Amino acid sequence: NMRQYFVLVALLAFLSPVSAGYLEVVSDESWSVEGPNYVGNAVQTWVHSLWTSIPGAKWIWKSYLIENPTAEETYSFQKEFNVAGFPTSSFLTFSADNSYAIFLNGNFIGASQDLAYGGRRTVTLDLLSRTIQGRNEVQVVVLNWAQAGSGVYTNPAGLLFKLAITYN
């Protein structure tokens, strides 16, 4: 009868696993950039042959080539994203040339002043405790160290970023 049918449908819906979602937030031209006398969008930057790569992500900076490799340059990169369900995993893999500080939803995640291999390796962090359902914002502040006597191809700057999130 119809009542047994509805009970069966309700029971099956209750016992069915919740479908999971997946979201990747990667560095690309959709990120905003702020710095001294500058607000705009990130651009894909020149990639040094020794830099690492992350599938799906692009090396970004304020400009294709660094403006002054003999002076420090610091820029803040921001990206908003929406997690459509309850996060079940959240892993960040990134690299920067040179120093960085990372914030997620206003919370300090970590920093390094010792990426002596500037862009040659990646760092992976578990961000599940800081990723929330709904609107999130990531901010990465990157400092490119000054190098006396260097040029745009010997002291490049960049950020490479991928945040992979699963959710129910």
# chains A, B, ... in the order shown; residues from 1 in each chain; ligands from 1
$ residues_around --residues "region 28-33 of chain A" --least-positions-apart "4" --cutoff "9 Å" --atoms "only C-alpha atoms" --output "number ranges by chain"
A: 38-44, 57-62, 75-80, 160-161
$ write_last_selection --atoms "N, CA, C and O atoms" --output "mmCIF file, in the first residue's frame"
data_model
loop_
_atom_site.group_PDB
_atom_site.id
_atom_site.type_symbol
_atom_site.label_atom_id
_atom_site.label_comp_id
_atom_site.auth_asym_id
_atom_site.auth_seq_id
_atom_site.Cartn_x
_atom_site.Cartn_y
_atom_site.Cartn_z
ATOM 1 N N TYR A 38 48.838 49.876 -4.969
ATOM 2 C CA TYR A 38 48.294 48.972 -5.982
ATOM 3 C C TYR A 38 47.156 48.130 -5.423
ATOM 4 O O TYR A 38 47.269 47.555 -4.345
ATOM 5 N N VAL A 39 46.071 48.079 -6.170
ATOM 6 C CA VAL A 39 44.970 47.149 -5.912
ATOM 7 C C VAL A 39 44.506 46.669 -7.278
ATOM 8 O O VAL A 39 44.242 47.476 -8.168
ATOM 9 N N GLY A 40 44.437 45.346 -7.470
ATOM 10 C CA GLY A 40 44.021 44.816 -8.766
ATOM 11 C C GLY A 40 43.937 43.311 -8.728
ATOM 12 O O GLY A 40 43.872 42.709 -7.653
ATOM 13 N N ASN A 41 43.953 42.713 -9.891
ATOM 14 C CA ASN A 41 43.908 41.261 -9.988
ATOM 15 C C ASN A 41 45.296 40.694 -10.199
ATOM 16 O O ASN A 41 46.156 41.333 -10.804
ATOM 17 N N ALA A 42 45.483 39.481 -9.716
ATOM 18 C CA ALA A 42 46.745 38.768 -9.932
ATOM 19 C C ALA A 42 46.892 38.457 -11.413
ATOM 20 O O ALA A 42 45.912 38.364 -12.148
ATOM 21 N N VAL A 43 48.134 38.289 -11.824
ATOM 22 C CA VAL A 43 48.427 37.839 -13.188
ATOM 23 C C VAL A 43 49.343 36.631 -13.096
ATOM 24 O O VAL A 43 50.039 36.429 -12.102
ATOM 25 N N GLN A 44 49.322 35.833 -14.132
ATOM 26 C CA GLN A 44 50.253 34.710 -14.180
ATOM 27 C C GLN A 44 51.648 35.297 -14.353
ATOM 28 O O GLN A 44 51.886 36.117 -15.239
ATOM 29 N N ALA A 57 47.037 24.719 -10.619
ATOM 30 C CA ALA A 57 47.360 26.040 -10.071
ATOM 31 C C ALA A 57 48.375 26.744 -10.966
ATOM 32 O O ALA A 57 49.182 26.109 -11.635
ATOM 33 N N LYS A 58 48.327 28.085 -10.949
ATOM 34 C CA LYS A 58 49.270 28.906 -11.710
ATOM 35 C C LYS A 58 50.102 29.734 -10.739
ATOM 36 O O LYS A 58 49.592 30.184 -9.709
ATOM 37 N N TRP A 59 51.348 29.963 -11.075
ATOM 38 C CA TRP A 59 52.166 30.918 -10.332
ATOM 39 C C TRP A 59 51.613 32.310 -10.622
ATOM 40 O O TRP A 59 51.416 32.678 -11.787
ATOM 41 N N ILE A 60 51.338 33.088 -9.552
ATOM 42 C CA ILE A 60 50.777 34.425 -9.725
ATOM 43 C C ILE A 60 51.614 35.463 -8.987
ATOM 44 O O ILE A 60 52.345 35.147 -8.047
ATOM 45 N N TRP A 61 51.474 36.712 -9.428
ATOM 46 C CA TRP A 61 52.084 37.871 -8.784
ATOM 47 C C TRP A 61 51.312 39.094 -9.236
ATOM 48 O O TRP A 61 50.309 38.973 -9.947
ATOM 49 N N LYS A 62 51.792 40.244 -8.886
ATOM 50 C CA LYS A 62 51.158 41.497 -9.284
ATOM 51 C C LYS A 62 51.395 41.778 -10.765
ATOM 52 O O LYS A 62 50.592 42.398 -11.439
ATOM 53 N N TYR A 75 53.263 41.748 -1.338
ATOM 54 C CA TYR A 75 51.892 41.856 -1.825
ATOM 55 C C TYR A 75 51.008 40.870 -1.073
ATOM 56 O O TYR A 75 51.454 39.793 -0.667
ATOM 57 N N SER A 76 49.754 41.269 -0.918
ATOM 58 C CA SER A 76 48.749 40.448 -0.247
ATOM 59 C C SER A 76 47.769 39.933 -1.291
ATOM 60 O O SER A 76 47.189 40.715 -2.050
ATOM 61 N N PHE A 77 47.598 38.620 -1.337
ATOM 62 C CA PHE A 77 46.707 37.961 -2.294
ATOM 63 C C PHE A 77 45.484 37.448 -1.541
ATOM 64 O O PHE A 77 45.630 36.790 -0.506
ATOM 65 N N GLN A 78 44.277 37.738 -2.043
ATOM 66 C CA GLN A 78 43.046 37.307 -1.385
ATOM 67 C C GLN A 78 42.122 36.603 -2.364
ATOM 68 O O GLN A 78 42.066 36.950 -3.544
ATOM 69 N N LYS A 79 41.383 35.641 -1.797
ATOM 70 C CA LYS A 79 40.394 34.913 -2.594
ATOM 71 C C LYS A 79 39.250 34.500 -1.680
ATOM 72 O O LYS A 79 39.468 33.933 -0.609
ATOM 73 N N GLU A 80 38.017 34.814 -2.074
ATOM 74 C CA GLU A 80 36.830 34.343 -1.369
ATOM 75 C C GLU A 80 36.301 33.112 -2.086
ATOM 76 O O GLU A 80 36.384 33.006 -3.305
ATOM 77 N N LEU A 160 52.071 30.085 -5.468
ATOM 78 C CA LEU A 160 51.419 28.920 -6.069
ATOM 79 C C LEU A 160 50.589 28.281 -4.977
ATOM 80 O O LEU A 160 51.098 28.011 -3.884
ATOM 81 N N PHE A 161 49.294 28.004 -5.232
ATOM 82 C CA PHE A 161 48.357 27.680 -4.149
ATOM 83 C C PHE A 161 47.268 26.739 -4.632
ATOM 84 O O PHE A 161 46.697 26.940 -5.703
#
$ residues_around --residues "region 119-132 of chain A" --least-positions-apart "2" --cutoff "6 Å" --atoms "only C-alpha atoms" --output "ChimeraX atom specification"
/A:50-52,89-97,117
$ select_by_dssp --residues "region 5-165 of chain A" --states "alpha helix (DSSP H)" --output "list in words"
Tyr5, Phe6, Val7, Leu8, Val9, Ala10, Leu11, Leu12, Ala13, Phe14 and Leu15 of chain A
$ write_last_selection --atoms "N, CA and C atoms" --output "PDB file, in the first residue's frame"
ATOM      1  N   TYR A   5       4.993   2.209   1.086  1.00  0.00           N
ATOM      2  CA  TYR A   5       5.890   2.758   0.091  1.00  0.00           C
ATOM      3  C   TYR A   5       6.627   3.990   0.639  1.00  0.00           C
ATOM      4  N   PHE A   6       5.882   4.919   1.247  1.00  0.00           N
ATOM      5  CA  PHE A   6       6.504   6.136   1.798  1.00  0.00           C
ATOM      6  C   PHE A   6       7.454   5.817   2.948  1.00  0.00           C
ATOM      7  N   VAL A   7       7.110   4.829   3.770  1.00  0.00           N
ATOM      8  CA  VAL A   7       7.992   4.423   4.860  1.00  0.00           C
ATOM      9  C   VAL A   7       9.282   3.848   4.277  1.00  0.00           C
ATOM     10  N   LEU A   8       9.170   3.023   3.232  1.00  0.00           N
ATOM     11  CA  LEU A   8      10.337   2.448   2.593  1.00  0.00           C
ATOM     12  C   LEU A   8      11.217   3.532   1.965  1.00  0.00           C
ATOM     13  N   VAL A   9      10.622   4.499   1.267  1.00  0.00           N
ATOM     14  CA  VAL A   9      11.375   5.597   0.651  1.00  0.00           C
ATOM     15  C   VAL A   9      12.085   6.418   1.730  1.00  0.00           C
ATOM     16  N   ALA A  10      11.408   6.720   2.819  1.00  0.00           N
ATOM     17  CA  ALA A  10      12.007   7.491   3.912  1.00  0.00           C
ATOM     18  C   ALA A  10      13.168   6.715   4.535  1.00  0.00           C
ATOM     19  N   LEU A  11      12.997   5.403   4.719  1.00  0.00           N
ATOM     20  CA  LEU A  11      14.046   4.578   5.297  1.00  0.00           C
ATOM     21  C   LEU A  11      15.268   4.516   4.378  1.00  0.00           C
ATOM     22  N   LEU A  12      15.044   4.363   3.085  1.00  0.00           N
ATOM     23  CA  LEU A  12      16.149   4.329   2.135  1.00  0.00           C
ATOM     24  C   LEU A  12      16.888   5.660   2.088  1.00  0.00           C
ATOM     25  N   ALA A  13      16.158   6.763   2.164  1.00  0.00           N
ATOM     26  CA  ALA A  13      16.790   8.082   2.167  1.00  0.00           C
ATOM     27  C   ALA A  13      17.643   8.257   3.416  1.00  0.00           C
ATOM     28  N   PHE A  14      17.168   7.752   4.540  1.00  0.00           N
ATOM     29  CA  PHE A  14      17.903   7.857   5.796  1.00  0.00           C
ATOM     30  C   PHE A  14      19.173   7.009   5.766  1.00  0.00           C
ATOM     31  N   LEU A  15      19.099   5.823   5.154  1.00  0.00           N
ATOM     32  CA  LEU A  15      20.232   4.911   5.135  1.00  0.00           C
ATOM     33  C   LEU A  15      21.237   5.205   4.024  1.00  0.00           C
TER      34      LEU A  15
END
$ closest_atom_pairs --of "region 70-107 of chain A" --to "region 138-156 of chain A" --cutoff "6 Å" --atoms "only C-alpha atoms" --output "tab-separated table"
residue	atom	partner	partner_atom	distance
A:Thr70	CA	A:Ala146	CA	4.7
A:Ala71	CA	A:Ala146	CA	4.4
A:Glu72	CA	A:Ala146	CA	4.5
A:Glu73	CA	A:Asn144	CA	5.2
A:Thr74	CA	A:Leu143	CA	4.3
A:Tyr75	CA	A:Val142	CA	5.6
A:Ser76	CA	A:Val141	CA	4.2
A:Phe77	CA	A:Val140	CA	5.2
A:Gln78	CA	A:Gln139	CA	4.5
A:Lys79	CA	A:Val138	CA	5.4
A:Asn98	CA	A:Asn144	CA	5.0
A:Ser99	CA	A:Leu143	CA	5.1
A:Tyr100	CA	A:Val142	CA	4.5
A:Ala101	CA	A:Val141	CA	5.2
A:Ile102	CA	A:Val140	CA	4.5
A:Phe103	CA	A:Gln139	CA	5.1
A:Leu104	CA	A:Val138	CA	4.5
$ residues_around --residues "Ile165 (chain A)" --least-positions-apart "2" --cutoff "8 Å" --atoms "only C-alpha atoms" --output "PyMOL selection string"
chain A and resi 22-24+87-91+163+167
$ write_last_selection --atoms "all heavy atoms" --output "compact mmCIF listing (two decimals), in the first residue's frame"
# COMPACT_ATOMS: atom_id res chain seq x y z
N TYR A 22 33.18 18.36 -3.71
CA TYR A 22 34.61 18.63 -3.78
C TYR A 22 34.81 20.03 -4.35
O TYR A 22 34.14 20.42 -5.31
CB TYR A 22 35.30 17.59 -4.67
CG TYR A 22 36.78 17.79 -4.80
CD1 TYR A 22 37.63 17.49 -3.74
CD2 TYR A 22 37.33 18.27 -5.98
CE1 TYR A 22 39.01 17.68 -3.86
CE2 TYR A 22 38.70 18.45 -6.11
CZ TYR A 22 39.53 18.15 -5.04
OH TYR A 22 40.89 18.34 -5.16
N LEU A 23 35.73 20.76 -3.76
CA LEU A 23 36.03 22.12 -4.20
C LEU A 23 37.54 22.31 -4.21
O LEU A 23 38.22 21.92 -3.26
CB LEU A 23 35.40 23.13 -3.23
CG LEU A 23 35.75 24.60 -3.42
CD1 LEU A 23 35.19 25.12 -4.75
CD2 LEU A 23 35.23 25.42 -2.25
N GLU A 24 38.04 22.88 -5.29
CA GLU A 24 39.44 23.27 -5.36
C GLU A 24 39.52 24.78 -5.52
O GLU A 24 38.85 25.36 -6.36
CB GLU A 24 40.14 22.64 -6.58
CG GLU A 24 40.55 21.23 -6.39
CD GLU A 24 41.38 20.71 -7.55
OE1 GLU A 24 41.54 21.39 -8.59
OE2 GLU A 24 41.87 19.58 -7.42
N PRO A 87 32.49 20.87 5.82
CA PRO A 87 33.81 20.38 5.40
C PRO A 87 34.20 19.09 6.11
O PRO A 87 34.05 18.97 7.33
CB PRO A 87 34.76 21.52 5.78
CG PRO A 87 33.90 22.72 5.93
CD PRO A 87 32.57 22.20 6.40
N THR A 88 34.70 18.12 5.34
CA THR A 88 35.19 16.85 5.91
C THR A 88 36.69 16.70 5.74
O THR A 88 37.31 15.89 6.42
CB THR A 88 34.46 15.64 5.28
OG1 THR A 88 34.60 15.71 3.86
CG2 THR A 88 32.97 15.66 5.64
N SER A 89 37.29 17.47 4.81
CA SER A 89 38.75 17.55 4.70
C SER A 89 39.08 18.86 4.02
O SER A 89 38.28 19.41 3.25
CB SER A 89 39.33 16.37 3.91
OG SER A 89 39.00 16.47 2.54
N SER A 90 40.26 19.38 4.32
CA SER A 90 40.69 20.64 3.74
C SER A 90 42.22 20.68 3.80
O SER A 90 42.80 20.91 4.86
CB SER A 90 40.09 21.82 4.52
OG SER A 90 40.51 23.05 3.98
N PHE A 91 42.84 20.45 2.65
CA PHE A 91 44.31 20.40 2.58
C PHE A 91 44.83 21.47 1.64
O PHE A 91 44.40 21.56 0.49
CB PHE A 91 44.80 19.02 2.13
CG PHE A 91 44.61 17.97 3.17
CD1 PHE A 91 43.50 17.14 3.14
CD2 PHE A 91 45.52 17.85 4.22
CE1 PHE A 91 43.31 16.17 4.12
CE2 PHE A 91 45.33 16.89 5.21
CZ PHE A 91 44.22 16.05 5.16
N LEU A 163 43.99 24.69 -2.56
CA LEU A 163 43.25 24.24 -1.39
C LEU A 163 42.20 23.26 -1.87
O LEU A 163 41.34 23.61 -2.68
CB LEU A 163 42.61 25.42 -0.67
CG LEU A 163 41.79 25.13 0.58
CD1 LEU A 163 42.63 24.43 1.64
CD2 LEU A 163 41.19 26.42 1.13
N TYR A 167 33.38 17.97 1.23
CA TYR A 167 32.31 18.36 2.15
C TYR A 167 31.09 17.48 1.94
O TYR A 167 30.91 16.85 0.89
CB TYR A 167 31.96 19.84 1.98
CG TYR A 167 31.53 20.23 0.59
CD1 TYR A 167 30.20 20.12 0.19
CD2 TYR A 167 32.45 20.70 -0.34
CE1 TYR A 167 29.81 20.46 -1.10
CE2 TYR A 167 32.07 21.05 -1.62
CZ TYR A 167 30.75 20.92 -1.99
OH TYR A 167 30.37 21.27 -3.26
$ closest_residue --among "A:Trp46, A:Arg135, A:Leu159, A:Gly56" --to "Ala84 (chain A)" --atoms "only C-alpha atoms"
A:Arg135
$ closest_residue --among "A:Thr45, A:Asn37, A:Asn136, A:Asn105" --to "Val25 (chain A)" --atoms "only C-alpha atoms"
A:Asn136
